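> Structure supplied as work25.cif; contents: mmCIF, C-alpha atoms.
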data_protein
loop_
_atom_site.label_atom_id
_atom_site.label_comp_id
_atom_site.auth_asym_id
_atom_site.auth_seq_id
_atom_site.Cartn_x
_atom_site.Cartn_y
_atom_site.Cartn_z
CA MET A 244 -14.45 -31.33 -9.15
CA ILE A 245 -14.02 -27.93 -7.47
CA GLN A 246 -12.32 -25.41 -9.73
CA LYS A 247 -9.44 -23.53 -8.11
CA ALA A 248 -8.45 -19.96 -8.89
CA LEU A 249 -4.97 -19.13 -10.14
CA GLY A 250 -4.23 -17.13 -6.99
CA ALA A 251 -1.50 -14.54 -6.55
CA PRO A 252 2.04 -14.20 -5.22
CA TYR A 253 2.45 -13.17 -1.61
CA TRP A 254 3.43 -9.61 -2.43
CA LEU A 255 -0.01 -8.79 -3.84
CA THR A 256 -1.91 -10.19 -0.86
CA ARG A 257 0.31 -8.91 1.98
CA GLY A 258 -1.10 -5.39 1.99
CA ALA A 259 -3.37 -2.85 0.36
CA VAL A 260 -3.18 -1.78 -3.26
CA TYR A 261 -2.91 2.01 -3.41
CA GLN A 262 -4.42 3.52 -6.57
CA ILE A 263 -2.98 6.79 -7.90
CA ASN A 264 -4.44 9.05 -10.55
CA PRO A 265 -1.39 11.29 -11.11
CA ARG A 266 -3.61 14.10 -12.45
CA THR A 267 -5.28 14.74 -9.11
CA PHE A 268 -2.81 13.06 -6.74
CA THR A 269 -1.09 16.46 -6.47
CA SER A 270 -1.61 19.85 -8.10
CA GLU A 271 1.61 19.18 -10.04
CA GLY A 272 0.10 16.12 -11.69
CA THR A 273 3.34 14.34 -12.65
CA ILE A 274 5.08 11.01 -12.13
CA ALA A 275 7.92 12.85 -10.40
CA ALA A 276 5.43 14.19 -7.85
CA VAL A 277 4.25 10.62 -7.23
CA THR A 278 7.83 9.45 -6.72
CA ARG A 279 8.45 12.14 -4.09
CA GLU A 280 5.47 10.88 -2.07
CA LEU A 281 6.47 7.21 -2.13
CA PRO A 282 8.42 7.29 1.18
CA PHE A 283 5.31 8.68 2.89
CA LEU A 284 3.14 5.92 1.41
CA ALA A 285 5.69 3.27 2.34
CA GLU A 286 5.77 4.56 5.92
CA LEU A 287 1.99 4.10 6.03
CA GLY A 288 2.54 0.46 5.07
CA PHE A 289 1.14 0.27 1.54
CA ALA A 290 2.41 -2.75 -0.39
CA THR A 291 1.47 -2.02 -4.01
CA ILE A 292 1.19 1.17 -6.03
CA TYR A 293 -1.16 1.16 -9.04
CA LEU A 294 -0.90 4.06 -11.51
CA CYS A 295 -3.83 5.06 -13.68
CA PRO A 296 -2.86 5.34 -17.39
CA ILE A 297 0.21 7.48 -18.00
CA PHE A 298 0.70 6.59 -21.66
CA GLU A 299 0.34 9.11 -24.46
CA ALA A 300 -3.33 10.05 -24.83
CA ASP A 301 -5.07 11.12 -28.03
CA PRO A 302 -5.02 14.95 -28.03
CA SER A 303 -7.80 15.35 -30.61
CA GLU A 304 -10.27 18.18 -29.95
CA ASN A 305 -12.88 16.51 -32.16
CA ARG A 306 -15.69 16.06 -29.65
CA ALA A 307 -17.25 13.33 -31.79
CA ASN A 308 -14.50 11.08 -30.41
CA TRP A 309 -14.97 12.14 -26.78
CA SER A 310 -16.78 9.87 -24.35
CA ILE A 311 -20.08 10.95 -22.81
CA ARG A 312 -18.40 11.24 -19.42
CA GLN A 313 -15.56 13.33 -20.84
CA LYS A 314 -18.03 15.81 -22.32
CA ALA A 315 -20.13 15.85 -19.15
CA SER A 316 -17.12 16.84 -17.03
CA ASN A 317 -17.11 20.28 -18.70
CA THR A 318 -13.35 20.47 -18.28
CA GLU A 319 -12.89 20.86 -22.05
CA ASN A 320 -9.87 18.59 -21.69
CA PRO A 321 -9.36 16.75 -25.01
CA GLN A 322 -7.09 14.13 -23.43
CA ASN A 323 -8.95 11.20 -21.91
CA PRO A 324 -6.42 9.01 -20.06
CA TYR A 325 -8.31 5.92 -21.25
CA ARG A 326 -8.10 6.86 -24.96
CA MET A 327 -4.56 5.89 -25.87
CA ASN A 328 -2.55 7.31 -28.72
CA ASP A 329 0.70 5.37 -28.17
CA TYR A 330 1.19 2.53 -25.69
CA TYR A 331 4.96 2.86 -25.89
CA LYS A 332 5.20 6.53 -24.90
CA ILE A 333 4.64 8.37 -21.63
CA ASP A 334 2.36 11.37 -22.04
CA GLU A 335 4.28 14.61 -21.54
CA GLU A 336 1.52 15.66 -19.13
CA TYR A 337 3.02 13.18 -16.65
CA GLY A 338 6.71 13.28 -17.57
CA THR A 339 9.07 10.92 -19.33
CA MET A 340 9.98 7.25 -19.53
CA ASP A 341 12.96 8.06 -17.31
CA ASP A 342 10.55 9.46 -14.73
CA LEU A 343 8.60 6.20 -14.78
CA ALA A 344 11.81 4.17 -14.45
CA ALA A 345 12.79 6.27 -11.42
CA CYS A 346 9.34 5.74 -9.88
CA VAL A 347 9.59 1.96 -10.29
CA LYS A 348 13.10 1.94 -8.84
CA GLU A 349 12.01 3.99 -5.81
CA CYS A 350 9.03 1.69 -5.22
CA HIS A 351 11.31 -1.32 -5.17
CA ARG A 352 13.86 0.42 -2.93
CA LEU A 353 11.07 1.04 -0.43
CA GLY A 354 9.82 -2.55 -0.59
CA MET A 355 6.72 -1.80 -2.65
CA ARG A 356 5.56 -3.04 -6.07
CA LEU A 357 4.19 -1.02 -8.99
CA LEU A 358 1.37 -1.79 -11.43
CA LEU A 359 0.51 0.01 -14.67
CA ASP A 360 -2.91 0.35 -16.28
CA LEU A 361 -3.42 -1.36 -19.66
CA VAL A 362 -6.21 -0.10 -21.95
CA TYR A 363 -6.43 -2.64 -24.77
CA LEU A 364 -10.15 -2.83 -25.54
CA HIS A 365 -10.02 0.33 -27.62
CA ILE A 366 -7.60 2.97 -28.86
CA GLY A 367 -7.60 6.59 -30.00
CA PRO A 368 -8.79 7.10 -33.61
CA ASN A 369 -5.59 8.94 -34.53
CA ALA A 370 -3.13 6.44 -33.03
CA PRO A 371 0.00 6.09 -35.20
CA ILE A 372 -0.27 2.29 -35.04
CA LEU A 373 -3.67 2.49 -36.79
CA GLN A 374 -2.18 4.60 -39.55
CA GLN A 375 0.46 1.93 -40.07
CA HIS A 376 -1.85 -1.03 -39.39
CA PRO A 377 -5.51 -0.03 -39.83
CA GLU A 378 -6.34 -3.73 -39.80
CA PHE A 379 -5.58 -3.75 -36.05
CA ALA A 380 -8.99 -2.12 -35.42
CA LYS A 381 -12.43 -3.52 -36.19
CA GLN A 382 -13.83 -2.13 -39.44
CA ASN A 383 -17.14 -1.66 -41.19
CA ALA A 384 -17.62 -2.91 -44.75
CA ASP A 385 -16.50 0.49 -46.09
CA GLY A 386 -13.22 0.34 -44.15
CA SER A 387 -14.23 2.84 -41.46
CA PHE A 388 -13.48 1.95 -37.87
CA ILE A 389 -16.12 0.41 -35.61
CA TYR A 390 -16.51 2.50 -32.47
CA GLY A 391 -17.45 1.13 -29.05
CA TYR A 392 -19.50 2.41 -26.15
CA TRP A 393 -17.03 5.19 -25.30
CA ASN A 394 -16.74 6.45 -28.94
CA PHE A 395 -13.28 4.96 -29.48
CA PRO A 396 -12.20 2.45 -32.21
CA LEU A 397 -12.36 -1.14 -30.99
CA LEU A 398 -9.22 -3.23 -31.42
CA ASP A 399 -9.57 -6.47 -33.39
CA PHE A 400 -8.22 -9.40 -31.43
CA ASN A 401 -8.89 -11.73 -34.35
CA HIS A 402 -5.80 -10.23 -35.95
CA PRO A 403 -2.63 -12.08 -34.86
CA GLY A 404 -0.48 -9.04 -35.58
CA LEU A 405 -2.40 -6.94 -33.05
CA ARG A 406 -1.93 -9.60 -30.42
CA GLU A 407 1.82 -9.72 -30.97
CA TYR A 408 2.00 -5.93 -30.81
CA LEU A 409 0.19 -5.82 -27.46
CA TRP A 410 2.00 -8.80 -25.94
CA SER A 411 5.27 -7.09 -26.83
CA ASN A 412 4.00 -3.97 -25.08
CA MET A 413 3.32 -5.95 -21.90
CA VAL A 414 6.72 -7.63 -21.98
CA TYR A 415 8.47 -4.31 -22.64
CA TYR A 416 7.27 -2.74 -19.40
CA ILE A 417 8.02 -5.88 -17.40
CA ALA A 418 11.45 -6.55 -18.91
CA VAL A 419 12.78 -3.03 -19.52
CA LEU A 420 11.02 -0.88 -16.91
CA ASP A 421 10.81 -3.68 -14.29
CA VAL A 422 7.16 -3.03 -13.40
CA ASP A 423 5.43 -5.79 -11.47
CA GLY A 424 2.22 -6.29 -13.41
CA PHE A 425 -0.87 -4.65 -14.78
CA ARG A 426 -4.42 -3.66 -14.01
CA CYS A 427 -6.31 -4.50 -17.21
CA ASP A 428 -9.04 -2.03 -18.12
CA VAL A 429 -12.38 -3.66 -19.08
CA GLY A 430 -10.59 -7.01 -18.99
CA ASP A 431 -13.72 -9.00 -19.82
CA GLY A 432 -14.05 -7.10 -23.11
CA VAL A 433 -10.82 -8.64 -24.42
CA PRO A 434 -10.70 -12.38 -25.28
CA LEU A 435 -9.54 -14.36 -22.26
CA ASP A 436 -7.05 -16.40 -24.29
CA PHE A 437 -5.19 -13.15 -25.03
CA TRP A 438 -4.71 -12.53 -21.31
CA VAL A 439 -3.73 -16.15 -20.64
CA GLU A 440 -0.93 -15.88 -23.18
CA GLY A 441 -0.03 -12.42 -21.91
CA GLN A 442 0.40 -13.79 -18.40
CA ARG A 443 2.54 -16.64 -19.73
CA ARG A 444 4.83 -14.17 -21.45
CA ILE A 445 5.26 -11.69 -18.60
CA THR A 446 5.84 -14.43 -16.01
CA ALA A 447 8.47 -15.95 -18.31
CA VAL A 448 10.37 -12.71 -17.73
CA LYS A 449 9.31 -12.01 -14.13
CA PRO A 450 7.82 -15.13 -12.46
CA ASP A 451 5.83 -13.20 -9.85
CA ALA A 452 4.33 -10.61 -12.24
CA ILE A 453 0.54 -10.34 -12.02
CA LEU A 454 -2.59 -9.30 -13.90
CA ILE A 455 -5.72 -7.80 -12.29
CA ASN A 456 -8.98 -7.95 -14.22
CA GLU A 457 -11.17 -4.88 -14.14
CA GLY A 458 -14.05 -7.21 -14.83
CA SER A 459 -16.46 -9.70 -13.29
CA SER A 460 -15.80 -13.02 -15.07
CA GLY A 461 -15.07 -15.81 -12.61
CA GLU A 462 -13.66 -17.89 -15.47
CA SER A 463 -10.88 -15.32 -15.88
CA LEU A 464 -9.56 -16.26 -12.43
CA LEU A 465 -8.88 -19.85 -13.46
CA ALA A 466 -6.15 -18.75 -15.85
CA GLY A 467 -5.00 -15.34 -16.97
CA PHE A 468 -5.83 -13.18 -13.95
CA ASN A 469 -4.61 -13.25 -10.36
CA ALA A 470 -7.38 -11.03 -8.95
CA ILE A 471 -10.59 -9.35 -10.04
CA TYR A 472 -12.55 -6.21 -9.27
CA GLY A 473 -15.40 -6.24 -6.75
CA PHE A 474 -17.78 -3.90 -8.57
CA SER A 475 -20.91 -5.12 -6.82
CA TRP A 476 -19.14 -5.03 -3.45
CA HIS A 477 -18.45 -1.31 -3.55
CA VAL A 478 -21.96 -0.70 -4.86
CA ALA A 479 -23.32 -2.63 -1.86
CA LEU A 480 -21.08 -0.61 0.46
CA TYR A 481 -22.40 2.61 -1.05
CA GLN A 482 -26.00 1.48 -0.67
CA VAL A 483 -25.48 0.51 2.95
CA MET A 484 -23.23 3.35 4.10
CA VAL A 485 -24.72 6.22 2.10
CA GLU A 486 -28.27 5.22 1.18
CA GLY A 487 -29.06 3.47 4.47
CA LYS A 488 -29.87 0.00 3.15
CA PRO A 489 -29.63 -2.89 5.65
CA ALA A 490 -26.14 -4.03 6.62
CA ALA A 491 -27.24 -7.56 5.70
CA GLU A 492 -26.86 -6.51 2.03
CA LEU A 493 -23.09 -6.87 2.46
CA ARG A 494 -23.40 -10.49 3.53
CA LYS A 495 -25.84 -11.15 0.70
CA ASN A 496 -23.43 -9.71 -1.88
CA TRP A 497 -20.49 -11.62 -0.42
CA GLU A 498 -22.36 -14.92 -0.61
CA GLU A 499 -23.68 -14.34 -4.14
CA VAL A 500 -20.33 -13.30 -5.63
CA LEU A 501 -18.04 -15.85 -4.04
CA GLY A 502 -20.64 -18.56 -4.63
CA GLY A 503 -20.15 -18.05 -8.37
CA TYR A 504 -16.36 -17.82 -8.35
CA PRO A 505 -13.64 -20.51 -8.24
CA LYS A 506 -12.26 -21.52 -4.85
CA GLY A 507 -9.54 -19.17 -3.67
CA SER A 508 -10.65 -16.22 -5.83
CA LEU A 509 -9.14 -12.88 -4.88
CA ILE A 510 -11.46 -9.86 -5.08
CA LEU A 511 -10.35 -6.25 -4.79
CA ARG A 512 -12.28 -4.57 -1.97
CA ASP A 513 -12.46 -0.86 -2.70
CA MET A 514 -14.74 2.12 -2.18
CA ASP A 515 -13.32 5.21 -3.88
CA ASN A 516 -11.58 4.78 -7.23
CA HIS A 517 -10.98 7.01 -10.25
CA ASP A 518 -14.42 6.13 -11.68
CA THR A 519 -16.47 6.60 -8.52
CA VAL A 520 -14.91 9.94 -7.57
CA THR A 521 -15.77 11.10 -11.10
CA ASP A 522 -19.28 9.69 -11.38
CA TRP A 523 -20.83 9.48 -7.93
CA PRO A 524 -22.62 12.55 -6.46
CA GLY A 525 -19.91 13.19 -3.89
CA ARG A 526 -16.89 11.79 -2.08
CA ILE A 527 -17.66 9.00 0.35
CA GLU A 528 -15.57 10.97 2.82
CA THR A 529 -18.39 13.55 2.92
CA LEU A 530 -21.41 11.35 2.11
CA ALA A 531 -20.61 8.81 4.85
CA GLY A 532 -18.41 11.08 6.93
CA HIS A 533 -14.87 10.43 8.17
CA ASP A 534 -16.10 7.84 10.69
CA GLY A 535 -18.04 6.07 7.94
CA MET A 536 -14.95 5.90 5.75
CA ASP A 537 -12.93 4.63 8.73
CA LEU A 538 -15.38 1.75 9.03
CA ILE A 539 -15.28 1.03 5.26
CA LEU A 540 -11.48 0.98 5.10
CA SER A 541 -11.30 -1.26 8.18
CA LEU A 542 -13.91 -3.71 6.91
CA ASN A 543 -12.22 -3.94 3.50
CA ALA A 544 -8.83 -4.47 5.14
CA VAL A 545 -9.81 -7.55 7.15
CA ILE A 546 -12.43 -9.34 5.05
CA ASP A 547 -11.22 -11.87 2.47
CA GLY A 548 -9.80 -10.37 -0.71
CA ILE A 549 -7.34 -7.54 -1.32
CA PRO A 550 -8.07 -4.03 -0.05
CA MET A 551 -7.63 -1.18 -2.54
CA VAL A 552 -7.31 2.38 -1.24
CA TYR A 553 -7.71 5.42 -3.47
CA CYS A 554 -5.19 8.23 -3.32
CA GLY A 555 -6.24 10.78 -0.74
CA ASN A 556 -8.18 8.33 1.44
CA GLU A 557 -5.13 8.13 3.71
CA LEU A 558 -5.54 11.89 4.32
CA ALA A 559 -9.34 11.88 4.75
CA ASP A 560 -9.33 13.95 1.56
CA GLU A 561 -12.62 15.64 0.62
CA ALA A 562 -11.45 17.31 -2.61
CA VAL A 563 -13.91 17.28 -5.53
CA LEU A 564 -12.10 15.19 -8.15
CA SER A 565 -12.55 14.10 -11.76
CA MET A 566 -10.44 11.80 -13.91
CA PHE A 567 -10.89 14.30 -16.77
CA ALA A 568 -9.47 17.28 -14.87
CA ASN A 569 -5.78 18.17 -14.87
CA ARG A 570 -3.66 21.23 -14.17
CA PHE A 571 -4.25 22.50 -17.72
CA HIS A 572 -8.02 21.90 -17.68
CA PRO A 573 -9.14 21.96 -14.03
CA GLY A 574 -12.73 23.02 -14.67
CA ARG A 575 -14.56 23.16 -11.35
CA PHE A 576 -12.46 20.36 -9.87
CA GLU A 577 -9.75 20.27 -7.22
CA PHE A 578 -6.57 18.40 -6.38
CA THR A 579 -5.50 16.58 -3.24
CA ARG A 580 -3.38 18.69 -0.93
CA ARG A 581 -0.22 16.94 0.26
CA ASP A 582 1.63 19.74 1.98
CA ALA A 583 2.72 19.43 5.60
CA ASP A 584 -0.22 21.44 6.88
CA ALA A 585 -2.75 19.20 5.10
CA LYS A 586 -1.13 16.09 6.56
CA GLN A 587 -1.25 17.57 10.06
CA GLN A 588 -4.99 18.25 10.07
CA PRO A 589 -6.80 16.26 12.81
CA ALA A 590 -8.86 14.13 10.40
CA ALA A 591 -5.77 13.41 8.29
CA GLN A 592 -3.71 12.47 11.35
CA LYS A 593 -6.44 10.16 12.63
CA ARG A 594 -6.74 8.47 9.23
CA GLN A 595 -2.99 7.99 8.85
CA THR A 596 -2.91 6.26 12.23
CA LEU A 597 -5.74 3.94 11.19
CA VAL A 598 -4.14 3.14 7.83
CA ARG A 599 -0.82 2.29 9.49
CA GLN A 600 -2.63 -0.04 11.90
CA LEU A 601 -4.63 -1.77 9.17
CA ASN A 602 -1.65 -2.26 6.87
CA ALA A 603 0.46 -3.62 9.75
CA LEU A 604 -2.33 -5.96 10.87
CA ARG A 605 -2.62 -7.44 7.37
CA ARG A 606 1.13 -7.66 6.81
CA GLU A 607 1.76 -9.43 10.11
CA ASN A 608 -1.13 -11.92 10.06
CA SER A 609 -1.52 -14.70 7.51
CA LEU A 610 -4.96 -15.19 9.06
CA ILE A 611 -6.22 -12.07 7.24
CA ARG A 612 -4.69 -13.10 3.94
CA ASP A 613 -5.68 -16.78 4.01
CA GLY A 614 -8.39 -17.27 6.63
CA LYS A 615 -11.92 -18.53 6.13
CA THR A 616 -14.68 -15.93 6.49
CA SER A 617 -17.84 -16.74 8.46
CA TRP A 618 -20.63 -14.23 9.03
CA LEU A 619 -21.83 -13.88 12.61
CA GLU A 620 -25.48 -14.20 13.60
CA HIS A 621 -26.84 -11.38 15.76
CA ASN A 622 -29.97 -9.35 16.50
CA CYS A 623 -29.16 -6.23 14.39
CA PRO A 624 -29.06 -7.33 10.72
CA ASP A 625 -30.18 -3.88 9.55
CA THR A 626 -27.38 -1.96 11.23
CA VAL A 627 -24.47 -4.26 12.05
CA ALA A 628 -22.00 -6.11 9.80
CA ALA A 629 -20.15 -8.82 11.72
CA PHE A 630 -17.91 -11.69 10.62
CA SER A 631 -15.02 -13.80 11.79
CA ARG A 632 -11.86 -15.07 10.09
CA GLU A 633 -10.18 -18.36 11.05
CA TYR A 634 -6.87 -19.88 10.00
CA GLU A 635 -4.66 -22.51 11.64
CA GLY A 636 -6.29 -22.07 15.03
CA LYS A 637 -6.17 -18.27 15.03
CA HIS A 638 -9.27 -16.07 14.89
CA LEU A 639 -10.25 -12.51 14.03
CA TRP A 640 -13.61 -10.82 14.60
CA PHE A 641 -15.00 -7.66 12.99
CA ILE A 642 -18.18 -5.99 14.25
CA GLY A 643 -19.21 -2.66 12.75
CA ASN A 644 -22.19 -0.32 12.95
CA THR A 645 -23.18 0.82 9.44
CA SER A 646 -25.83 3.21 10.73
CA ARG A 647 -25.76 6.80 12.00
CA ASP A 648 -27.32 5.79 15.33
CA THR A 649 -25.86 4.12 18.41
CA VAL A 650 -26.73 0.43 18.52
CA THR A 651 -26.37 -2.35 21.06
CA VAL A 652 -25.88 -5.70 19.37
CA THR A 653 -26.07 -9.19 20.85
CA LEU A 654 -24.10 -11.93 19.12
CA GLU A 655 -25.51 -15.46 19.11
CA THR A 656 -22.03 -16.83 19.87
CA ALA A 657 -19.93 -15.02 22.44
CA ILE A 658 -16.43 -13.89 21.59
CA PRO A 659 -13.96 -15.60 23.97
CA ALA A 660 -12.42 -13.56 26.78
CA SER A 661 -8.96 -14.32 25.36
CA ALA A 662 -9.71 -12.18 22.27
CA LYS A 663 -7.91 -8.84 22.40
CA PRO A 664 -8.98 -5.63 20.64
CA GLU A 665 -6.52 -4.73 17.88
CA ILE A 666 -8.32 -1.67 16.51
CA ARG A 667 -11.49 -0.06 17.79
CA SER A 668 -13.56 3.05 17.19
CA ASP A 669 -16.28 3.87 19.71
CA ALA A 670 -17.11 0.27 20.59
CA GLU A 671 -17.55 -1.09 24.12
CA PHE A 672 -18.31 -4.64 25.28
CA ALA A 673 -20.80 -5.29 28.04
CA ASP A 674 -19.81 -8.96 27.96
CA GLY A 675 -18.53 -11.42 25.36
CA SER A 676 -21.74 -11.39 23.34
CA ARG A 677 -23.14 -7.87 23.80
CA LEU A 678 -21.52 -4.59 22.79
CA THR A 679 -22.52 -1.01 22.14
CA LEU A 680 -21.38 0.70 18.96
CA ALA A 681 -21.51 4.46 18.40
CA PRO A 682 -22.59 5.68 14.92
CA HIS A 683 -20.18 3.96 12.48
CA GLY A 684 -18.30 2.50 15.42
CA PHE A 685 -16.43 -0.78 14.94
CA ILE A 686 -14.02 -3.17 16.60
CA ILE A 687 -11.45 -5.70 15.35
CA LEU A 688 -10.40 -8.41 17.80
CA MET A 689 -7.93 -11.27 17.50
CA ASP A 690 -7.24 -14.45 19.44
#
Any chance you could put this one into structure tokens?

Amino acid sequence: MIQKALGAPYWLTRGAVYQINPRTFTSEGTIAAVTRELPFLAELGFATIYLCPIFEADPSENRANWSIRQKASNTENPQNPYRMNDYYKIDEEYGTMDDLAACVKECHRLGMRLLLDLVYLHIGPNAPILQQHPEFAKQNADGSFIYGYWNFPLLDFNHPGLREYLWSNMVYYIAVLDVDGFRCDVGDGVPLDFWVEGQRRITAVKPDAILINEGSSGESLLAGFNAIYGFSWHVALYQVMVEGKPAAELRKNWEEVLGGYPKGSLILRDMDNHDTVTDWPGRIETLAGHDGMDLILSLNAVIDGIPMVYCGNELADEAVLSMFANRFHPGRFEFTRRDADAKQQPAAQKRQTLVRQLNALRRENSLIRDGKTSWLEHNCPDTVAAFSREYEGKHLWFIGNTSRDTVTVTLETAIPASAKPEIRSDAEFADGSRLTLAPHGFIILMD
């Protein structure tokens, strides 16, 4: 018997998820600044806004409780957004609970949804809830807390009281703030039955609320989670687009991952995110170039799964970012410029046009949301990624050059003359089976 994934409501699959780290989204670094930009993001066609953690972070300056990455950033910022102090408070760095409520309301007014980021694997060592309920954290024989990989106390999901506390937290933001779901940090590190019950409770309040697993467990997609991260996918994209590995690595990854997942699994297709901009040697915008990022965003938008775009990608942003930098502790890092002049720069204008096209294409075509993916055979496996999508008699084709050289590719099966180009970048057909692609050129056709 074929196991079937839980799936997701239409609103999550109709367009791209847009991830925002408020700290670097603007130089202001607040929820209010995010809210002011929502009309711009809605005009570009984004469907879902996902906010990195905005809850009160542990302010301790004791470096023994800082993560390795936090120390390595050299920002000297004691507040790690993934080391929570209080799940029920908004950190004053970002604003207030009223600011969050206004952001949610504006999202909904504009026809978008909003997700928050839950960090339940671990907690800050000075969290008030641990002072009241130390039994909520895992403990050594002497009563001291057990710390995990990131030097934070691990929460103890064997304790029923902890579970009730966290489930109540989830329901609070759904019921009172009217958020639409959650991205669940290190979701595989928390027992799956906790998430299954959490989903039951939030959907009892809001039937189309969702959970996204920042994890890799296919089992989690059977119950508990509506979608999952594609970690190995963005690694494969990096290897192909930046390190020059064969384009065929993308097909290989796609086949390996989906082959191990339930039917109908939804995978987030991203490139930049708050982790990669912090940890990788540079922005993909500079490592692969603007044309390379155009190709990545286009490929992710039309292959099966759900595209996720990081804040600034819509502006071809090259700022040097870190999740540990904020306006109080910038270190050597920068912030994304969102003034009128920045948005009018040629690269930013070109990218906004592409993003509008991609979001509209996905929104208007169930083929992209629900179609079957088939990889195309051709004579350039090292340099060309090519696949088709098919659904209810309609077809889409994507052919893209992952290399920095011009290539001429011949497809084994010709694309019919009735297929019309929807979006193209430096791609020209000689006939239905042969086309020339400039460096990082691509074409999307539909019939």
> Please measure the separation of CA of Ala491 (chain A) and CA of Asp515 (chain A), giving the value in Å to one decimal.
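CA of Ala491 (chain A) sits 21.2 Å away from CA of Asp515 (chain A).
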> Do you know which residues the PyMOL selection byres ((chain A and resi 480) around 10) returns on this file, as a short mmCIF file (atom, residue, chain, number, x, y, z; two decimals) with C-alpha atoms, keeping the file's coordinate frame?

data_model
loop_
_atom_site.label_atom_id
_atom_site.label_comp_id
_atom_site.auth_asym_id
_atom_site.auth_seq_id
_atom_site.Cartn_x
_atom_site.Cartn_y
_atom_site.Cartn_z
CA SER A 475 -20.91 -5.12 -6.82
CA TRP A 476 -19.14 -5.03 -3.45
CA HIS A 477 -18.45 -1.31 -3.55
CA VAL A 478 -21.96 -0.70 -4.86
CA ALA A 479 -23.32 -2.63 -1.86
CA TYR A 481 -22.40 2.61 -1.05
CA GLN A 482 -26.00 1.48 -0.67
CA VAL A 483 -25.48 0.51 2.95
CA MET A 484 -23.23 3.35 4.10
CA VAL A 485 -24.72 6.22 2.10
CA GLU A 486 -28.27 5.22 1.18
CA GLY A 487 -29.06 3.47 4.47
CA LYS A 488 -29.87 0.00 3.15
CA ALA A 490 -26.14 -4.03 6.62
CA GLU A 492 -26.86 -6.51 2.03
CA LEU A 493 -23.09 -6.87 2.46
CA ASN A 496 -23.43 -9.71 -1.88
CA ARG A 512 -12.28 -4.57 -1.97
CA ASP A 513 -12.46 -0.86 -2.70
CA MET A 514 -14.74 2.12 -2.18
CA ILE A 539 -15.28 1.03 5.26
CA ASN A 543 -12.22 -3.94 3.50
CA THR A 645 -23.18 0.82 9.44
#
> Just to confirm, what's the straight-line distance from CA of Asp674 (chain A) to CA of Ala657 (chain A) in Å (one decimal)?
8.2 Å
> I'd like the contact shell of region 516-525 of chain A - 8 Å cut-off, only C-alpha atoms, skipping same-chain residues fewer than 2 positions apart - returned as a list of chain:residue names.
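Returned residues: A:Gln262, A:Asn264, A:Asp513, A:Met514, A:Ile527, A:Thr529, A:Leu530, A:Val552, A:Tyr553, A:Val563, A:Leu564, A:Ser565, A:Met566.
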> Find the residues near region 275-280 of chain A: any atom within 9 Å, counting only C-alpha atoms, skip ones fewer than 5 places away on the same chain, and give them as a VMD selection string.
chain A and resid 263 265 268 to 269 285 337 to 338 342 to 343 345 to 347 349 to 350 581
> Could you add the missing atoms to region 335-342 of chain A, up to N, CA, C and O atoms, and return them as a PDB file, keeping the file's coordinate frame?

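Generated output (part31.pdb):
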ATOM      1  N   GLU A 335       3.486  13.519 -22.106  1.00  0.00           N
ATOM      2  CA  GLU A 335       4.280  14.610 -21.540  1.00  0.00           C
ATOM      3  C   GLU A 335       3.566  15.303 -20.386  1.00  0.00           C
ATOM      4  O   GLU A 335       4.206  15.974 -19.567  1.00  0.00           O
ATOM      5  N   GLU A 336       2.241  15.126 -20.293  1.00  0.00           N
ATOM      6  CA  GLU A 336       1.520  15.660 -19.130  1.00  0.00           C
ATOM      7  C   GLU A 336       2.098  15.115 -17.832  1.00  0.00           C
ATOM      8  O   GLU A 336       2.147  15.818 -16.817  1.00  0.00           O
ATOM      9  N   TYR A 337       2.549  13.857 -17.856  1.00  0.00           N
ATOM     10  CA  TYR A 337       3.020  13.180 -16.650  1.00  0.00           C
ATOM     11  C   TYR A 337       4.531  13.176 -16.514  1.00  0.00           C
ATOM     12  O   TYR A 337       5.043  12.986 -15.409  1.00  0.00           O
ATOM     13  N   GLY A 338       5.258  13.318 -17.643  1.00  0.00           N
ATOM     14  CA  GLY A 338       6.710  13.280 -17.570  1.00  0.00           C
ATOM     15  C   GLY A 338       7.312  12.462 -18.691  1.00  0.00           C
ATOM     16  O   GLY A 338       6.852  12.508 -19.828  1.00  0.00           O
ATOM     17  N   THR A 339       8.306  11.676 -18.340  1.00  0.00           N
ATOM     18  CA  THR A 339       9.070  10.920 -19.330  1.00  0.00           C
ATOM     19  C   THR A 339       9.194   9.453 -18.922  1.00  0.00           C
ATOM     20  O   THR A 339       8.870   9.075 -17.786  1.00  0.00           O
ATOM     21  N   MET A 340       9.720   8.649 -19.850  1.00  0.00           N
ATOM     22  CA  MET A 340       9.980   7.250 -19.530  1.00  0.00           C
ATOM     23  C   MET A 340      11.019   7.142 -18.416  1.00  0.00           C
ATOM     24  O   MET A 340      10.951   6.237 -17.567  1.00  0.00           O
ATOM     25  N   ASP A 341      11.977   8.058 -18.392  1.00  0.00           N
ATOM     26  CA  ASP A 341      12.960   8.060 -17.310  1.00  0.00           C
ATOM     27  C   ASP A 341      12.295   8.339 -15.965  1.00  0.00           C
ATOM     28  O   ASP A 341      12.694   7.777 -14.935  1.00  0.00           O
ATOM     29  N   ASP A 342      11.289   9.202 -15.973  1.00  0.00           N
ATOM     30  CA  ASP A 342      10.550   9.460 -14.730  1.00  0.00           C
ATOM     31  C   ASP A 342       9.854   8.204 -14.241  1.00  0.00           C
ATOM     32  O   ASP A 342       9.831   7.923 -13.028  1.00  0.00           O
TER      33      ASP A 342
END
